[in-house]
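Visitor: Here it is, the structure, as structure tokens.
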Amino acid sequence: MESHSMDQKPEASIDNGEPRVLGMVAEFDTPDALIEAARRVREEGYEHFDAHTPYPIHALDDAMKIRPTIIPWLVLGAGMTGTAIAVLMQYWTNAVDYPFVISGKPLFSLPANVPIMFELTVLLAALTAFFSNMALNKMGRPSNPLFSVDRFRSATAEKFFLSVEARGFKFDRVETKQFLEGLGAAAVEPVLETEAERSSKLPRPLVTTAIILGSLALVPPAFVFGMRAGTFDAPRLHIVPDMDFQPKYKAQTENDFFGDHRANRPPVEGTIAIGALDLDTALHYGKNEDGDYVTEFPIPVNAETMARGQQRYRITCVACHGESGTGDGMIAKRADLLAQRGTSGMSWVPPTSILDQPVQDQPIGQIFESITNGIRTMPSYAQQITPEDRWAIILYLKALQRAGSATSDQIPASERQRLNAMPVEATDGQATEGEDE
Amino acid sequence: MNQERDYRLPEGLAKKVVPVAGILGIGGIVAALGLSLAGMSTMEHLAHAYLLGFWYFVTLSLGGLFFVLIHHLVGAKWSVVVRRVAEIIVGVFPVLFLLSIPIVAISFMGDSTLFRWANPEEIAHNELIQKKTAYLNPTFFAIRVVIYFGIWTMLATYFARTSAAQDSGHDPAKAYRMRQLAAPGLILFGTSLTFAAFDFVMSLEPEWFSTIFGVYQFGGGALAFFSFLAIFTIWLEKKGSLPTTVEHYHDIGKYMFGFTVFWAYIAFSQFMLIWYANIPEETGWYLHRQQGAWGWMAIVLIFGHFVIPFFGLVSRHIKRRRPTLLFWACWILAMHFVDLYWLVMPSMHGGAHHSEPTTGIPFQIVDFLCWIGFAGLFVAAVFWRAGNRSLVPMNDPHLADSLAFRNY
């Protein structure tokens, strides 16, 4: 049952040196006797009394007329406060204070907030239930005057007790004692204030222990502050070294064991990586064995290769050189635009049109060399495109060149008729430039 | 408690209720079939409405099985006085098994009336279903249905029989044995429930998947069971057939409150992961159920299935008064219908992946006729099971504790 305190109010305010009576405690043998006594004590008009039993007895609530607890309301209020705090906090942090789009969701999107709403609701409700229970039951007091009554120890074993506090007008140490005895109590004893309770001084051993423990508690923080403020030559302590220190050399570090002081060992001269053997100079360098540019394709020339070349061209080359190879790719257009606007730090060499006569006249081996090693602002594409694909792209380039310099009589008659029938429009490039302005 | 008293249904009541409820039940389903044949509804709609009514009472009965098993497992004392009622309710599984035959039969028809995975034409151009045909095919489906109902009937029969055998003698070993078997029983229960939920409801949209779906169905089913238990026990007490007190209703009310939150917790857990990941193959299911009439129904579920009953049931004073508890029990049973409607019905006309958002009122008369049909058959089965049996396990070692039970 609830353990209400015997508050330290004396029955009489005169201090005559005797211990003050804080209340009366009556012992009963059976729960029924206790329930009946509790009912009678309440009916008699006592306000400050309590029952103490070894196990919960439901009928006591009714006999003592204990009011319903307000804890449920506190818990409900705290839970809903938690929900509200969670919503407002997440609204403030996500949508106001530091707006940041996550996963393309709206800045304030309720589903993402629900878990926190749930957690804070439960947290505040649970903490409120726990601490309000502690507070309303006056828990946390180290002692209670009732403990000074020897007989009271059996309240946790086999006896049932009723305590009446001395505060309140109804209490009289003689009459109350008689009244309780009249209720069938096996024994009635006064609860006296002990010597320790009368004295306002703390017990000496307690003070000494507190001072020692308090001083010792200052040592670890002092040690930490000292370490943080100072500088040290020795490396920091590794309490758990795990695999932090290993007897090996790391790449790109110095190593005195080798004459060149490098930890990295270069491969043995003449080493060729698997798949990197390039004896076919035409295929890999675009040159014959005399060092002249080749003019014949070292790969099969057919529709399949052409299609492959077109596909590769449109992946890798089209960004700068454009669909038709004239140098009107998206990057080129954008760069031209920025250069026209005078954006600072902007310098730009437009890509060469592959329709230019000098490029048309180049042997295909030279074009291969340009793709492989890069030329002017164009970087090397040897890493991105395999030699076979480079040749396929060149084959497609040749097709583009042929198409770009073709005359109308080279078009098949049926196609020519269809093209003549189409309305004349601005070319693609001009239209796009117009939109850019 | 007066130990000389017997707690049974009033004399001759079962004999009166079983035929009335049974005829009502068969009449409801036949009427739904008749209306559909007469053109007031489609066979597709009827099949879904039938599945809805079927699954409503399967989940409710599974909630009862859970109640029996978990209370044996933890050695609960308060619930002993209402446990026999739960044992009687779970006795309906054989009836539900018979009622599952039309659903299995539809899956063998080879069209998309109910399950698109049963339609060879659908499979032919749906690569996602093709990958799942090893599991989702009519034969294996039929085998699994037999296994599920086998497990449930076996568990229900064992615990009901052993408990009934307790009545005729003082043998505490029986209580101990039931407690031992409740643990493996719960494992069987959880596994079979999960896969049954996958098969009967989740596979209506065979492209979609959610591993938490079984738990979701468990939450809703247990909640529906506790609500039904509250209604049934209050009615039995009024008839003088059960010595329950307000303390027992208080505990059943706590279950209703707890599972209201549990249902919402699981439903939201399923939703949030899919919403956050935003992967089309998962979100389609929810997108379809958030548009048109289904979207309104989803809002009704959030408030009607969680927020409103949460505040309705949170107070102990409501749980400890029979009329208020009855009100919320009926409310939750209605909401369980809405919940399952929202799960099952949007799967019609190709479901999330093929159909257009539904506008207007989706309910049809056959939906309610089917539900009434199943409710009638369910009630008939429960009363047939109850018959003249004792509604209290008279010699259970914890019966006295249960009768004297009080909430703090």
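Identifiers for the structure tokens are assigned positionally: chains receive A, B, ... in sequence, residues are indexed from 1 per chain, and ligands are indexed from 1 in the order shown.
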Write out as an mmCIF file with N, CA and C atoms, in the first residue's frame which residues come within 9 Å of Met178 in chain B when counting only C-alpha atoms, dropping same-chain ones fewer than 4 positions away.

Guide:
```cif
data_model
loop_
_atom_site.group_PDB
_atom_site.id
_atom_site.type_symbol
_atom_site.label_atom_id
_atom_site.label_comp_id
_atom_site.auth_asym_id
_atom_site.auth_seq_id
_atom_site.Cartn_x
_atom_site.Cartn_y
_atom_site.Cartn_z
ATOM 1 N N LEU B 69 -3.666 -20.457 -27.138
ATOM 2 C CA LEU B 69 -2.277 -20.902 -27.058
ATOM 3 C C LEU B 69 -1.456 -20.024 -26.122
ATOM 4 N N HIS B 72 -2.202 -20.539 -22.421
ATOM 5 C CA HIS B 72 -1.601 -21.758 -21.877
ATOM 6 C C HIS B 72 -0.108 -21.568 -21.687
ATOM 7 N N LEU B 73 0.512 -20.942 -22.694
ATOM 8 C CA LEU B 73 1.969 -20.817 -22.679
ATOM 9 C C LEU B 73 2.450 -20.041 -21.465
ATOM 10 N N TYR B 158 -7.044 -30.400 -30.232
ATOM 11 C CA TYR B 158 -6.260 -30.914 -29.112
ATOM 12 C C TYR B 158 -6.544 -30.116 -27.836
ATOM 13 N N PHE B 159 -6.482 -28.785 -27.961
ATOM 14 C CA PHE B 159 -6.625 -27.980 -26.739
ATOM 15 C C PHE B 159 -8.065 -28.010 -26.218
ATOM 16 N N THR B 162 -8.515 -31.673 -24.619
ATOM 17 C CA THR B 162 -7.796 -31.849 -23.353
ATOM 18 C C THR B 162 -8.452 -31.034 -22.260
ATOM 19 N N SER B 163 -8.862 -29.813 -22.631
ATOM 20 C CA SER B 163 -9.519 -28.963 -21.651
ATOM 21 C C SER B 163 -10.840 -29.578 -21.205
ATOM 22 N N ALA B 173 -1.725 -32.638 -14.425
ATOM 23 C CA ALA B 173 -0.764 -32.957 -15.486
ATOM 24 C C ALA B 173 -1.272 -32.495 -16.837
ATOM 25 N N LYS B 174 -2.607 -32.502 -17.015
ATOM 26 C CA LYS B 174 -3.168 -32.076 -18.299
ATOM 27 C C LYS B 174 -2.863 -30.601 -18.564
ATOM 28 N N ALA B 182 1.836 -25.743 -25.998
ATOM 29 C CA ALA B 182 1.449 -24.433 -26.526
ATOM 30 C C ALA B 182 2.613 -23.776 -27.258
#
```

Visitor: Which polymer residues have any atom within 10 Å of an atom of Ile385 in chain A, counting only C-alpha atoms, with same-chain residues fewer than 6 positions away left out, as a list in words?

Guide: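 Neighbouring residues, sequence-local ones excluded: Arg312, Thr316, Ile371, Thr372, Trp391 and Ile393 of chain A.
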
Visitor: Could you save the residues just selected, with C-alpha atoms, as a PDB file, in the first residue's frame?

Guide:
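Result file out-v6.pdb:
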```
ATOM      1  CA  ARG A 312      29.776   3.629 -79.703  1.00  0.00           C
ATOM      2  CA  THR A 316      31.244   8.527 -76.345  1.00  0.00           C
ATOM      3  CA  ILE A 371      41.357   8.832 -80.679  1.00  0.00           C
ATOM      4  CA  THR A 372      43.972   6.712 -78.921  1.00  0.00           C
ATOM      5  CA  TRP A 391      38.111   1.153 -85.545  1.00  0.00           C
ATOM      6  CA  ILE A 393      33.884   4.315 -84.763  1.00  0.00           C
TER       7      ILE A 393
END
```

Visitor: Show which residues sit within 10 Å of range 130-133 of chain B, as a compact mmCIF listing (two decimals) with all heavy atoms, in the first residue's frame. Count only C-alpha atoms, and ignore same-chain residues fewer than 4 positions away.

Guide:
```
# COMPACT_ATOMS: atom_id res chain seq x y z
N TRP B 117 -2.79 -15.15 -60.78
CA TRP B 117 -1.72 -16.15 -60.98
C TRP B 117 -2.28 -17.49 -61.44
O TRP B 117 -1.53 -18.38 -61.83
CB TRP B 117 -0.86 -16.32 -59.74
CG TRP B 117 -1.63 -16.59 -58.45
CD1 TRP B 117 -1.89 -15.68 -57.47
CD2 TRP B 117 -2.19 -17.82 -58.00
NE1 TRP B 117 -2.59 -16.26 -56.45
CE2 TRP B 117 -2.80 -17.57 -56.75
CE3 TRP B 117 -2.26 -19.11 -58.53
CZ2 TRP B 117 -3.44 -18.57 -56.02
CZ3 TRP B 117 -2.91 -20.09 -57.80
CH2 TRP B 117 -3.49 -19.82 -56.56
N ALA B 118 -3.61 -17.64 -61.39
CA ALA B 118 -4.21 -18.91 -61.83
C ALA B 118 -4.60 -18.85 -63.30
O ALA B 118 -5.13 -19.82 -63.84
CB ALA B 118 -5.44 -19.22 -60.98
N PRO B 120 -3.59 -18.75 -67.10
CA PRO B 120 -2.43 -18.97 -67.99
C PRO B 120 -2.19 -17.81 -68.95
O PRO B 120 -1.05 -17.49 -69.26
CB PRO B 120 -2.82 -20.24 -68.76
CG PRO B 120 -3.84 -20.91 -67.91
CD PRO B 120 -4.57 -19.83 -67.19
N GLU B 122 -2.71 -14.64 -68.35
CA GLU B 122 -2.05 -13.59 -67.58
C GLU B 122 -0.58 -13.95 -67.38
O GLU B 122 0.32 -13.11 -67.54
CB GLU B 122 -2.76 -13.42 -66.23
CG GLU B 122 -2.11 -12.42 -65.30
CD GLU B 122 -2.48 -10.97 -65.63
OE1 GLU B 122 -3.56 -10.77 -66.21
OE2 GLU B 122 -1.68 -10.08 -65.33
N ILE B 123 -0.33 -15.21 -67.04
CA ILE B 123 1.05 -15.65 -66.78
C ILE B 123 1.90 -15.47 -68.02
O ILE B 123 3.05 -15.05 -67.96
CB ILE B 123 1.06 -17.13 -66.31
CG1 ILE B 123 0.31 -17.26 -65.00
CG2 ILE B 123 2.48 -17.63 -66.15
CD1 ILE B 123 0.04 -18.70 -64.60
N ALA B 124 1.29 -15.76 -69.21
CA ALA B 124 2.06 -15.77 -70.46
C ALA B 124 2.76 -14.45 -70.71
O ALA B 124 3.88 -14.43 -71.21
CB ALA B 124 1.12 -16.11 -71.62
N HIS B 125 2.12 -13.33 -70.36
CA HIS B 125 2.77 -12.05 -70.65
C HIS B 125 3.20 -11.31 -69.38
O HIS B 125 3.54 -10.14 -69.43
CB HIS B 125 1.84 -11.15 -71.49
CG HIS B 125 0.61 -10.70 -70.75
ND1 HIS B 125 -0.59 -11.31 -70.88
CD2 HIS B 125 0.43 -9.70 -69.87
CE1 HIS B 125 -1.47 -10.71 -70.11
NE2 HIS B 125 -0.88 -9.74 -69.49
N ASN B 126 3.17 -11.99 -68.25
CA ASN B 126 3.58 -11.33 -67.00
C ASN B 126 4.78 -12.05 -66.41
O ASN B 126 4.66 -13.08 -65.76
CB ASN B 126 2.40 -11.34 -66.01
CG ASN B 126 2.64 -10.39 -64.85
OD1 ASN B 126 3.77 -10.23 -64.41
ND2 ASN B 126 1.58 -9.80 -64.35
N ASN B 137 0.53 -21.86 -57.82
CA ASN B 137 -0.22 -22.62 -58.83
C ASN B 137 -1.34 -23.36 -58.11
O ASN B 137 -1.23 -23.64 -56.91
CB ASN B 137 0.71 -23.58 -59.59
CG ASN B 137 1.35 -24.60 -58.67
OD1 ASN B 137 0.68 -25.51 -58.21
ND2 ASN B 137 2.62 -24.44 -58.40
N PRO B 138 -2.44 -23.62 -58.81
CA PRO B 138 -3.65 -24.14 -58.13
C PRO B 138 -3.40 -25.40 -57.31
O PRO B 138 -3.89 -25.51 -56.18
CB PRO B 138 -4.61 -24.41 -59.29
CG PRO B 138 -4.16 -23.49 -60.36
CD PRO B 138 -2.68 -23.37 -60.24
N PHE B 140 -0.61 -26.62 -55.83
CA PHE B 140 0.12 -26.38 -54.59
C PHE B 140 -0.72 -25.53 -53.63
O PHE B 140 -0.68 -25.72 -52.41
CB PHE B 140 1.45 -25.69 -54.91
CG PHE B 140 2.42 -25.67 -53.77
CD1 PHE B 140 2.37 -26.62 -52.75
CD2 PHE B 140 3.41 -24.70 -53.70
CE1 PHE B 140 3.26 -26.60 -51.71
CE2 PHE B 140 4.30 -24.66 -52.65
CZ PHE B 140 4.22 -25.62 -51.66
N PRO B 206 -0.40 -10.59 -57.32
CA PRO B 206 0.79 -11.46 -57.25
C PRO B 206 2.09 -10.71 -57.52
O PRO B 206 3.16 -11.24 -57.24
CB PRO B 206 0.53 -12.51 -58.33
CG PRO B 206 -0.53 -11.95 -59.20
CD PRO B 206 -1.31 -10.98 -58.39
N GLU B 207 2.02 -9.48 -58.06
CA GLU B 207 3.28 -8.74 -58.29
C GLU B 207 3.81 -8.16 -56.99
O GLU B 207 4.98 -7.84 -56.89
CB GLU B 207 3.05 -7.59 -59.28
CG GLU B 207 2.69 -8.02 -60.68
CD GLU B 207 1.19 -8.16 -60.86
OE1 GLU B 207 0.46 -8.11 -59.85
OE2 GLU B 207 0.75 -8.36 -62.02
```

Visitor: Excluding same-chain residues fewer than 4 positions from range 240-253 of chain B, what lies within 8 Å of it counting only C-alpha atoms, as an NGL selection string?

Guide: :B and (1 or 7-10 or 78-79 or 81-82 or 226-227 or 229-230 or 233-234 or 236 or 257 or 313 or 316 or 319-322 or 325 or 391-392 or 403 or 405-407)

Visitor: Please dump the current selection as an mmCIF file, in the first residue's frame; keep C-alpha atoms.

Guide:
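Once written, out.cif looks like this:
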```
data_model
loop_
_atom_site.group_PDB
_atom_site.id
_atom_site.type_symbol
_atom_site.label_atom_id
_atom_site.label_comp_id
_atom_site.auth_asym_id
_atom_site.auth_seq_id
_atom_site.Cartn_x
_atom_site.Cartn_y
_atom_site.Cartn_z
ATOM 1 C CA MET B 1 -18.468 -18.992 -7.171
ATOM 2 C CA TYR B 7 -22.367 -23.009 -16.577
ATOM 3 C CA ARG B 8 -23.942 -24.017 -19.850
ATOM 4 C CA LEU B 9 -26.044 -22.404 -22.530
ATOM 5 C CA PRO B 10 -29.693 -22.044 -21.463
ATOM 6 C CA TRP B 78 -7.317 -14.423 -15.106
ATOM 7 C CA SER B 79 -8.450 -15.790 -18.461
ATOM 8 C CA VAL B 81 -13.002 -18.445 -16.980
ATOM 9 C CA VAL B 82 -13.298 -17.197 -20.578
ATOM 10 C CA PHE B 226 -11.163 -9.869 -28.622
ATOM 11 C CA SER B 227 -14.050 -7.663 -29.694
ATOM 12 C CA LEU B 229 -15.123 -12.309 -27.203
ATOM 13 C CA ALA B 230 -16.241 -9.211 -25.298
ATOM 14 C CA THR B 233 -19.051 -13.213 -22.956
ATOM 15 C CA ILE B 234 -21.156 -10.220 -21.923
ATOM 16 C CA LEU B 236 -23.395 -15.220 -21.962
ATOM 17 C CA PHE B 257 -6.848 -1.336 -26.708
ATOM 18 C CA LEU B 313 -10.662 2.674 -25.217
ATOM 19 C CA ARG B 316 -10.329 2.157 -17.633
ATOM 20 C CA LYS B 319 -13.366 -0.827 -20.327
ATOM 21 C CA ARG B 320 -15.076 -1.528 -17.016
ATOM 22 C CA ARG B 321 -18.583 -0.624 -18.219
ATOM 23 C CA ARG B 322 -20.364 -3.228 -20.277
ATOM 24 C CA LEU B 325 -17.142 -1.871 -24.065
ATOM 25 C CA LEU B 391 -18.709 -23.077 -20.718
ATOM 26 C CA VAL B 392 -16.162 -23.003 -17.884
ATOM 27 C CA LEU B 403 -12.909 -16.108 -10.535
ATOM 28 C CA PHE B 405 -9.239 -12.069 -10.110
ATOM 29 C CA ARG B 406 -9.139 -8.344 -9.596
ATOM 30 C CA ASN B 407 -7.363 -5.582 -11.492
#
```

Visitor: Per DSSP on the backbone, what are the helix (DSSP H, G or I) residues of range 201-307 of chain B, as a PyMOL selection string?

Guide: chain B and resi 202-204+213-238+246-277+280-288+292-307

Visitor: Should the cut-off be 10 Å, what would the residue list for chain B against chain A look like, counting only C-alpha atoms, as a list in words?

Guide: Tyr265, Phe268, Ser269, Phe271, Met272, Leu273, Trp275, Tyr276, Ala277, Asn278, Phe311, Val314, Ser315, Arg316, Arg406, Asn407 and Tyr408 of chain B

Visitor: Closest to Arg385 in chain B among B:Ala156, B:Ala183, B:Ile302, B:Ile23, using only C-alpha atoms?

Guide: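 Among B:Ala156, B:Ala183, B:Ile302, B:Ile23, it is B:Ala156 that comes nearest to Arg385 in chain B.
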
Visitor: As an NGL selection string, please: the residues near Leu343 in chain B (cut-off 12 Å, only C-alpha atoms, same-chain neighbours under 2 positions excluded).

Guide: :B and (48-49 or 51-52 or 55-56 or 197-198 or 200-205 or 213 or 216-217 or 220 or 267 or 285-286 or 288-290 or 294-295 or 297-298 or 301 or 336-341 or 345-348 or 351-352)

Visitor: I need the residues in range 120-278 of chain A that are strand (DSSP E) according to DSSP; give them as a ChimeraX atom specification.

Guide: /A:160-165,187-192

Visitor: Store the residues picked out above in a file with all heavy atoms, as a CSV table (one decimal), in the first residue's frame.

Guide:
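Okay, selection-v1.csv is ready:
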```csv
chain,number,residue,atom,x,y,z
A,160,PHE,N,-0.5,-7.2,10.0
A,160,PHE,CA,-1.2,-6.1,9.2
A,160,PHE,C,-1.3,-4.9,10.2
A,160,PHE,O,-1.7,-5.0,11.3
A,160,PHE,CB,-2.6,-6.6,8.8
A,160,PHE,CG,-2.6,-7.9,8.1
A,160,PHE,CD1,-2.6,-9.1,8.7
A,160,PHE,CD2,-2.5,-7.8,6.7
A,160,PHE,CE1,-2.6,-10.3,8.0
A,160,PHE,CE2,-2.4,-9.0,6.0
A,160,PHE,CZ,-2.5,-10.2,6.6
A,161,PHE,N,-0.9,-3.8,9.7
A,161,PHE,CA,-0.7,-2.6,10.5
A,161,PHE,C,-1.6,-1.4,10.0
A,161,PHE,O,-1.8,-1.3,8.8
A,161,PHE,CB,0.7,-2.2,10.6
A,161,PHE,CG,1.6,-3.1,11.3
A,161,PHE,CD1,2.2,-4.2,10.7
A,161,PHE,CD2,1.8,-2.9,12.7
A,161,PHE,CE1,3.0,-5.1,11.4
A,161,PHE,CE2,2.6,-3.8,13.4
A,161,PHE,CZ,3.2,-4.9,12.8
A,162,LEU,N,-2.0,-0.6,11.0
A,162,LEU,CA,-2.7,0.6,10.7
A,162,LEU,C,-2.0,1.7,11.4
A,162,LEU,O,-1.8,1.6,12.6
A,162,LEU,CB,-4.1,0.5,11.1
A,162,LEU,CG,-5.1,1.6,10.6
A,162,LEU,CD1,-5.4,1.3,9.2
A,162,LEU,CD2,-6.3,1.7,11.5
A,163,SER,N,-1.5,2.7,10.7
A,163,SER,CA,-0.8,3.8,11.4
A,163,SER,C,-1.7,5.1,11.3
A,163,SER,O,-2.3,5.4,10.3
A,163,SER,CB,0.5,4.0,10.8
A,163,SER,OG,0.4,4.4,9.4
A,164,VAL,N,-1.7,5.8,12.4
A,164,VAL,CA,-2.5,7.1,12.5
A,164,VAL,C,-1.5,8.2,12.8
A,164,VAL,O,-0.7,8.0,13.8
A,164,VAL,CB,-3.6,7.0,13.5
A,164,VAL,CG1,-4.3,8.3,13.5
A,164,VAL,CG2,-4.5,5.9,13.2
A,165,GLU,N,-1.4,9.2,12.0
A,165,GLU,CA,-0.4,10.2,12.2
A,165,GLU,C,-0.9,11.2,13.2
A,165,GLU,O,-2.1,11.5,13.4
A,165,GLU,CB,-0.2,11.0,10.9
A,165,GLU,CG,0.6,10.1,9.9
A,165,GLU,CD,0.8,10.8,8.6
A,165,GLU,OE1,1.3,12.0,8.6
A,165,GLU,OE2,0.6,10.3,7.5
A,187,ALA,N,-1.9,-5.1,19.3
A,187,ALA,CA,-1.0,-4.2,20.1
A,187,ALA,C,-1.1,-2.8,19.5
A,187,ALA,O,-1.3,-2.7,18.3
A,187,ALA,CB,0.4,-4.8,20.0
A,188,VAL,N,-0.9,-1.8,20.3
A,188,VAL,CA,-0.9,-0.4,19.8
A,188,VAL,C,0.3,0.2,20.4
A,188,VAL,O,0.5,0.1,21.6
A,188,VAL,CB,-2.2,0.3,20.2
A,188,VAL,CG1,-2.1,1.8,19.7
A,188,VAL,CG2,-3.4,-0.4,19.7
A,189,GLU,N,1.1,0.8,19.6
A,189,GLU,CA,2.4,1.5,20.1
A,189,GLU,C,2.5,2.9,19.5
A,189,GLU,O,2.1,3.1,18.4
A,189,GLU,CB,3.6,0.7,19.7
A,189,GLU,CG,3.8,-0.6,20.6
A,189,GLU,CD,5.1,-1.2,20.3
A,189,GLU,OE1,6.0,-0.5,19.8
A,189,GLU,OE2,5.3,-2.4,20.6
A,190,PRO,N,3.0,3.8,20.3
A,190,PRO,CA,3.3,5.1,19.8
A,190,PRO,C,4.5,5.1,18.9
A,190,PRO,O,5.4,4.3,19.1
A,190,PRO,CB,3.5,5.9,21.0
A,190,PRO,CG,4.0,5.0,22.0
A,190,PRO,CD,3.4,3.7,21.7
A,191,VAL,N,4.5,5.9,17.9
A,191,VAL,CA,5.7,6.1,17.0
A,191,VAL,C,6.4,7.3,17.5
A,191,VAL,O,5.9,8.4,17.5
A,191,VAL,CB,5.3,6.3,15.5
A,191,VAL,CG1,6.5,6.4,14.7
A,191,VAL,CG2,4.4,5.2,15.1
A,192,LEU,N,7.6,7.0,18.0
A,192,LEU,CA,8.4,8.1,18.7
A,192,LEU,C,9.5,8.6,17.7
A,192,LEU,O,10.0,7.9,16.9
A,192,LEU,CB,9.0,7.6,20.0
A,192,LEU,CG,8.0,7.1,21.0
A,192,LEU,CD1,8.8,6.5,22.2
A,192,LEU,CD2,7.1,8.3,21.5
```

Visitor: Between CA of Pro300 in chain A and CA of Ala282 in chain A, measure the distance and give it in Å to one decimal.

Guide: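 Interatomic distance, CA of Pro300 in chain A to CA of Ala282 in chain A: 13.2 Å.
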
Visitor: Leaving out range 362-372 of chain B and any residue of its chain fewer than 4 positions from it, which residues lie within 6 Å of it when counting only C-alpha atoms, given as a list of chain:residue names?

Guide: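 My list of contacting residues is B:Gly28, B:Ile29, B:Ala32, B:Ala49, B:Tyr50, B:Gly53, B:Gly376.
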
Visitor: Write out as a list in words the residues lying within 12 Å of Pro184 in chain B, counting only C-alpha atoms and excluding same-chain residues fewer than 2 positions away.

Guide: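 Listed by chain and then number, they are Leu69, Ile70, His72, Leu73, Ile151, Leu155, Arg177, Met178, Arg179, Gln180, Leu181, Ala182, Leu186, Ile187, Leu188, Phe189, Gly190 and Thr191 of chain B.
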